[in-house]
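In what follows, a structure is listed as structure tokens, so that the remarks can point back to it.
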Amino acid sequence: MKPTPFGYVKAASLPQALDLLARHGEEAQILAGGQSLIPTLNMRLSAPRLLIDISGLADLSGIAVAGDILRIGALTRHAEVEKSELVARHAPLIAAAMPHVAHPAIRNRGTFGGSLALADPAAELPACCLALAATMIVQAPSGSRRIAARDFFKGLFETALEAGEVLTAIEIPIAVPGQVFAFEELARRHGDYAIVGIAATARKAADGTLSDIRLAYLNLESRPVLAGKAAAALAGTTGDAAAVTAAQDALAGEASPHADLNATPETRLHLARVLLGRAVARLIA
Amino acid sequence: MTESLPLNLPIDLTVNGERISATVPARQHLIDFLRETLSLTGSHIGCEHGVCGACSIRVNGAVVRGCLTLAVQCDGASVDTIEGLSDSGAIADLQSAFHERNALQCGFCTPGMLATGYDIVRRLPDADEARIRRELSGNICRCTGYHAIVDAIETVAAKRGAGA
């Protein structure tokens, strides 16, 4: 339960970190908050020769609003996001999800960008970013590029990040009037990885009609997925019981739930249907 | 790749108010540095992958997992272990509440419970039982069934809130 020996460099600048990453290739790992990386090192599931600690790069941390975009620096710690008034006001879905992200001691060190770059299928923040149509800002030695959340999460612990690239910030469209949110998950112990969860957003008209519905599931499949058919079944309704049943049936037709130690695909689909009902109840409340 | 990488690095940090300078292997966990190098064995090592909370300690005033933090990352940091919290009297009321409520049996989880409990009573003096349970969810106890621990923390939180 001790890591294999590795070298360590605390990067003084992003260019230095990118240069080290370019020179050491797959033998190097970026260390941000370390709350997922260090367990994998402890269990020797990975054995990098070099850790490039980017936690001192102040430019990559912080929360700000510019125009209609909320920008969260990749190194912003979960605890800071959790208590941020800007996040509570402009991205209530993330504020609702934050208490479910591991435990307080882990939120004190873990980072927002680290969770996204890891792409654990059971993590809350990738699903939230997918529901909110966030954009990932990625830096390489040759320049930066922007990746939409729907293109970023490729598979199990797999993202669109290429070798030598570092996630630096996340841009989230700020909440608009009439937009409603819901976050629900099921876990055996509060703060543990969810068996399945849902991050949902919609527009609610004055008469209660729902539109612009986005239902992102975590840990339903090996990457966060949008349930487009379930969302379509709810669109134009007020989220009444018949609409919820139709959406749940649509979900069963489009989901390909995966299996793990916690649940079979059948159980997972059942739980996902239950959470869909709970999420809609929150959206229309 | 033949380039030599630094496997051991110098750090300067403050532990329980005392300035410490040391050279540490990059792979050494903070909890192992505290226990093995500084002989501060009050904080325990349980699961070593961030699940049990036995190694909870304070770094720069925030509770962290000692097994998910590298000693080398704590260059310049201020660390408080259970020894420091205990000797300073900062958690005397929590310790006596744990004693009175029988909030420990084997005691293995207790240093981590006290570190987390101290964080709860400082940060959330108005926390009710449900909130305390949520905040404490990252600390496992195999003896007590948690009720007594939650009671003890709730009692101290209420007393501190009223006396503030």
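Every chain in the structure tokens has a letter given in the order shown (A, B, ...), and although residue numbers restart at 1 in each chain, ligands are simply numbered from 1 in the order shown.
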field: A:Leu275 surroundings by only C-alpha atoms, 7 Å radius, close-in-sequence under 3 positions cut, as a ChimeraX atom specification
entry: /A:184,198,271-272,278-279
Same residues, N, CA and C atoms, saved as a tab-separated table (two decimals), in the first residue's frame:
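Printed below is out-v3.tsv as written:
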chain	number	residue	atom	x	y	z
A	184	GLU	N	-29.60	14.15	-8.11
A	184	GLU	CA	-29.96	13.01	-7.26
A	184	GLU	C	-28.95	11.90	-7.47
A	198	ILE	N	-28.13	11.26	-11.27
A	198	ILE	CA	-28.64	12.05	-12.39
A	198	ILE	C	-28.43	13.54	-12.10
A	271	LEU	N	-32.87	1.65	-10.85
A	271	LEU	CA	-32.52	2.80	-10.00
A	271	LEU	C	-32.52	4.10	-10.82
A	272	ALA	N	-32.06	4.00	-12.06
A	272	ALA	CA	-32.04	5.19	-12.92
A	272	ALA	C	-33.46	5.69	-13.20
A	278	ARG	N	-37.59	11.14	-9.29
A	278	ARG	CA	-37.25	12.10	-8.21
A	278	ARG	C	-36.73	13.42	-8.79
A	279	ALA	N	-35.94	13.31	-9.85
A	279	ALA	CA	-35.38	14.52	-10.45
A	279	ALA	C	-36.48	15.39	-11.05
Would you mind listing, for every residue of chain A within 7 Å of chain B, the two atoms forming the shortest contact and the distance between them in Å to one decimal, using only C-alpha atoms, sorted by chain and ascending residue number, as a Markdown table?
| residue | atom | partner | partner_atom | distance |
| --- | --- | --- | --- | --- |
| A:Met1 | CA | B:Glu48 | CA | 6.4 |
| A:Pro3 | CA | B:Arg27 | CA | 6.1 |
| A:Pro5 | CA | B:Arg27 | CA | 5.7 |
| A:Phe6 | CA | B:Leu7 | CA | 6.0 |
| A:Gly7 | CA | B:Leu7 | CA | 4.5 |
| A:Tyr8 | CA | B:Ala26 | CA | 5.9 |
| A:Gly34 | CA | B:Leu68 | CA | 6.8 |
| A:Gln35 | CA | B:Leu68 | CA | 6.0 |
| A:Ile38 | CA | B:Leu68 | CA | 5.6 |
| A:Pro39 | CA | B:His49 | CA | 4.7 |
| A:Asn42 | CA | B:His49 | CA | 6.7 |
| A:His103 | CA | B:Gly138 | CA | 5.2 |
| A:Pro104 | CA | B:Glu135 | CA | 6.5 |
| A:Ala105 | CA | B:Val64 | CA | 4.5 |
| A:Ile106 | CA | B:Val64 | CA | 6.3 |
| A:Asn108 | CA | B:Val64 | CA | 6.5 |
| A:His190 | CA | B:Ser137 | CA | 6.0 |
| A:Gly191 | CA | B:Ser137 | CA | 6.7 |
field: stretch 43-46 of chain B surroundings by only C-alpha atoms, 8 Å radius, close-in-sequence under 5 positions cut, as number ranges by chain
entry: B: 31, 35, 52-57, 67, 81-82, 108-109, 111-112
message: According to DSSP computed on the backbone, where in stretch 9-152 of chain B is there alpha helix (DSSP H)? Give the residues as a PyMOL selection string.
response: chain B and resi 30-32+82-87+92-101+110-123+129-135+147-152
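These are the residues of stretch 25-61 of chain A assigned strand (DSSP E or B) by DSSP from backbone coordinates: Ala28, Gln29, Ile30, Leu31, Leu50, Leu51, Ile52 and Asp53 of chain A.
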Next, dump the selected residues to file, keeping only all heavy atoms, as a compact mmCIF listing (two decimals), in the first residue's frame.
# COMPACT_ATOMS: atom_id res chain seq x y z
N ALA A 28 5.19 10.26 -17.01
CA ALA A 28 4.85 11.34 -16.08
C ALA A 28 3.34 11.40 -15.85
O ALA A 28 2.55 11.01 -16.71
CB ALA A 28 5.33 12.68 -16.63
N GLN A 29 2.97 11.85 -14.66
CA GLN A 29 1.57 12.07 -14.33
C GLN A 29 1.45 13.47 -13.73
O GLN A 29 2.32 13.88 -12.96
CB GLN A 29 1.10 11.07 -13.26
CG GLN A 29 0.70 9.71 -13.80
CD GLN A 29 -0.75 9.69 -14.24
OE1 GLN A 29 -1.45 10.68 -14.11
NE2 GLN A 29 -1.20 8.56 -14.77
N ILE A 30 0.36 14.15 -14.08
CA ILE A 30 0.07 15.44 -13.44
C ILE A 30 -0.54 15.18 -12.08
O ILE A 30 -1.47 14.37 -11.94
CB ILE A 30 -0.90 16.25 -14.32
CG1 ILE A 30 -0.25 16.65 -15.65
CG2 ILE A 30 -1.42 17.48 -13.57
CD1 ILE A 30 0.76 17.77 -15.54
N LEU A 31 -0.03 15.86 -11.06
CA LEU A 31 -0.60 15.79 -9.71
C LEU A 31 -1.28 17.12 -9.42
O LEU A 31 -0.64 18.17 -9.42
CB LEU A 31 0.51 15.53 -8.68
CG LEU A 31 0.12 15.63 -7.21
CD1 LEU A 31 -0.91 14.56 -6.83
CD2 LEU A 31 1.35 15.49 -6.31
N LEU A 50 7.47 9.98 -12.72
CA LEU A 50 7.54 11.39 -12.32
C LEU A 50 6.15 11.94 -12.05
O LEU A 50 5.23 11.73 -12.85
CB LEU A 50 8.19 12.21 -13.45
CG LEU A 50 8.20 13.74 -13.25
CD1 LEU A 50 9.10 14.11 -12.07
CD2 LEU A 50 8.65 14.45 -14.51
N LEU A 51 6.01 12.62 -10.92
CA LEU A 51 4.79 13.39 -10.67
C LEU A 51 5.12 14.87 -10.89
O LEU A 51 6.09 15.39 -10.34
CB LEU A 51 4.29 13.20 -9.24
CG LEU A 51 3.71 11.84 -8.84
CD1 LEU A 51 2.99 11.96 -7.51
CD2 LEU A 51 2.79 11.30 -9.91
N ILE A 52 4.29 15.51 -11.72
CA ILE A 52 4.44 16.95 -11.96
C ILE A 52 3.35 17.64 -11.16
O ILE A 52 2.16 17.58 -11.53
CB ILE A 52 4.32 17.27 -13.46
CG1 ILE A 52 5.33 16.45 -14.27
CG2 ILE A 52 4.50 18.76 -13.71
CD1 ILE A 52 5.05 16.44 -15.78
N ASP A 53 3.74 18.23 -10.04
CA ASP A 53 2.75 18.84 -9.14
C ASP A 53 2.41 20.24 -9.65
O ASP A 53 3.25 21.14 -9.64
CB ASP A 53 3.36 18.91 -7.73
CG ASP A 53 2.38 19.44 -6.69
OD1 ASP A 53 1.26 19.86 -7.07
OD2 ASP A 53 2.73 19.43 -5.49
Counting only C-alpha atoms, what is within 12 Å of A:Asp59, bar same-chain residues fewer than 3 positions away, as a compact mmCIF listing (two decimals) with all heavy atoms, in the first residue's frame?
# COMPACT_ATOMS: atom_id res chain seq x y z
N ALA A 12 6.66 25.46 -11.41
CA ALA A 12 6.59 26.88 -11.06
C ALA A 12 5.73 27.65 -12.06
O ALA A 12 5.34 28.78 -11.81
CB ALA A 12 7.99 27.47 -11.00
N SER A 13 5.47 27.03 -13.22
CA SER A 13 4.66 27.69 -14.25
C SER A 13 4.01 26.62 -15.11
O SER A 13 4.49 25.48 -15.17
CB SER A 13 5.53 28.60 -15.12
OG SER A 13 6.39 27.80 -15.91
N LEU A 14 2.93 27.01 -15.81
CA LEU A 14 2.27 26.06 -16.71
C LEU A 14 3.20 25.64 -17.86
O LEU A 14 3.27 24.45 -18.18
CB LEU A 14 0.96 26.65 -17.22
CG LEU A 14 0.12 25.73 -18.10
CD1 LEU A 14 -0.22 24.43 -17.39
CD2 LEU A 14 -1.15 26.44 -18.55
N ILE A 54 1.16 20.41 -10.09
CA ILE A 54 0.75 21.72 -10.62
C ILE A 54 -0.05 22.51 -9.58
O ILE A 54 -0.58 23.58 -9.89
CB ILE A 54 -0.09 21.57 -11.92
CG1 ILE A 54 -1.36 20.73 -11.67
CG2 ILE A 54 0.75 20.96 -13.03
CD1 ILE A 54 -2.34 20.76 -12.85
N SER A 55 -0.12 22.00 -8.34
CA SER A 55 -1.02 22.62 -7.36
C SER A 55 -0.61 24.04 -6.99
O SER A 55 -1.41 24.78 -6.42
CB SER A 55 -1.11 21.75 -6.11
OG SER A 55 0.14 21.68 -5.47
N GLY A 56 0.63 24.43 -7.29
CA GLY A 56 1.05 25.78 -6.95
C GLY A 56 0.76 26.82 -8.02
O GLY A 56 1.09 28.00 -7.85
N GLY A 62 -9.52 29.41 -9.09
CA GLY A 62 -10.39 30.55 -8.88
C GLY A 62 -11.68 30.46 -9.67
O GLY A 62 -11.79 29.69 -10.64
N ILE A 63 -12.67 31.23 -9.23
CA ILE A 63 -14.01 31.20 -9.81
C ILE A 63 -14.38 32.63 -10.19
O ILE A 63 -14.24 33.53 -9.37
CB ILE A 63 -15.03 30.64 -8.79
CG1 ILE A 63 -14.61 29.24 -8.33
CG2 ILE A 63 -16.44 30.63 -9.37
CD1 ILE A 63 -15.34 28.75 -7.10
N ILE A 72 -14.50 28.30 -13.99
CA ILE A 72 -13.92 27.66 -12.80
C ILE A 72 -12.54 27.15 -13.18
O ILE A 72 -12.40 26.33 -14.09
CB ILE A 72 -14.80 26.51 -12.29
CG1 ILE A 72 -16.21 27.02 -11.94
CG2 ILE A 72 -14.16 25.84 -11.07
CD1 ILE A 72 -17.17 25.95 -11.44
N GLY A 73 -11.51 27.66 -12.52
CA GLY A 73 -10.14 27.19 -12.77
C GLY A 73 -10.03 25.72 -12.42
O GLY A 73 -10.61 25.26 -11.45
N ALA A 74 -9.26 24.99 -13.23
CA ALA A 74 -9.19 23.54 -13.04
C ALA A 74 -8.67 23.16 -11.66
O ALA A 74 -9.05 22.12 -11.12
CB ALA A 74 -8.29 22.92 -14.12
N LEU A 75 -7.82 24.01 -11.08
CA LEU A 75 -7.23 23.65 -9.78
C LEU A 75 -8.07 24.11 -8.60
O LEU A 75 -7.65 23.95 -7.45
CB LEU A 75 -5.83 24.27 -9.66
CG LEU A 75 -4.71 23.55 -10.41
CD1 LEU A 75 -3.40 24.32 -10.25
CD2 LEU A 75 -4.55 22.13 -9.91
N THR A 76 -9.23 24.69 -8.85
CA THR A 76 -10.08 25.13 -7.74
C THR A 76 -10.51 23.90 -6.93
O THR A 76 -11.01 22.93 -7.49
CB THR A 76 -11.33 25.85 -8.29
OG1 THR A 76 -10.92 26.80 -9.25
CG2 THR A 76 -12.09 26.53 -7.16
N THR A 168 -7.13 23.30 -18.06
CA THR A 168 -6.81 24.49 -17.26
C THR A 168 -8.04 25.18 -16.68
O THR A 168 -7.96 25.83 -15.65
CB THR A 168 -6.04 25.53 -18.11
OG1 THR A 168 -6.82 25.87 -19.26
CG2 THR A 168 -4.69 24.98 -18.53
N ALA A 169 -9.18 25.09 -17.36
CA ALA A 169 -10.38 25.77 -16.85
C ALA A 169 -11.63 25.16 -17.46
O ALA A 169 -11.55 24.45 -18.48
CB ALA A 169 -10.33 27.27 -17.17
field: Near-A:Val81 list (12 Å; only C-alpha atoms; drop same-chain fewer than 2 positions) as a count of residues only
entry: 40
message: Between atom CA of A:Ala206 and atom CA of A:Glu185, what is the distance in Å, rounded to a tenth?
response: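 Between atom CA of A:Ala206 and atom CA of A:Glu185 the gap works out to 28.2 Å.
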message: Rounded to one decimal, what separation in Å do you get between atom CA of B:Ala71 and atom CA of A:Glu26?
response: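 Distance reported for this atom pair: 24.0 Å.
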message: Which residues are near stretch 141-143 of chain B? Cut-off 8 Å, only C-alpha atoms, ignore same chain within fewer than 2 positions. Put them as a PyMOL selection string.
response: chain B and resi 104-106+109+139+145-146
message: Using only C-alpha atoms for the distances, tell me which of A:His100, A:His270, A:Arg44, A:Arg145 is nearest to A:Ile170.
response: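 Among A:His100, A:His270, A:Arg44, A:Arg145, it is A:Arg145 that comes nearest to A:Ile170.
In this model, the gap between atom CA of A:Ala102 and atom CA of B:Lys159 comes to 28.7 Å.
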message: Considering only C-alpha atoms, can you say which of A:Lys204, A:Lys154, A:Arg282, A:Lys10 comes closest to A:Gly178?
response: A:Lys204
message: Applying 7 Å and only C-alpha atoms, which residues near A:Ala200 remain after dropping the ones on its own chain fewer than 5 positions away? List them as a list of chain:residue names.
response: A:Ala131, A:Phe181, A:Ala182, A:Phe183, A:Arg214, A:Leu215, A:Ala216, A:Ala279
task: Select, from A:Ile174, A:Leu167, A:Ile213, A:Ala123, the residue with the minimum atom-to-atom distance to A:Ala66, counting only C-alpha atoms.
output: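 The closest residue to A:Ala66 is A:Ile174.
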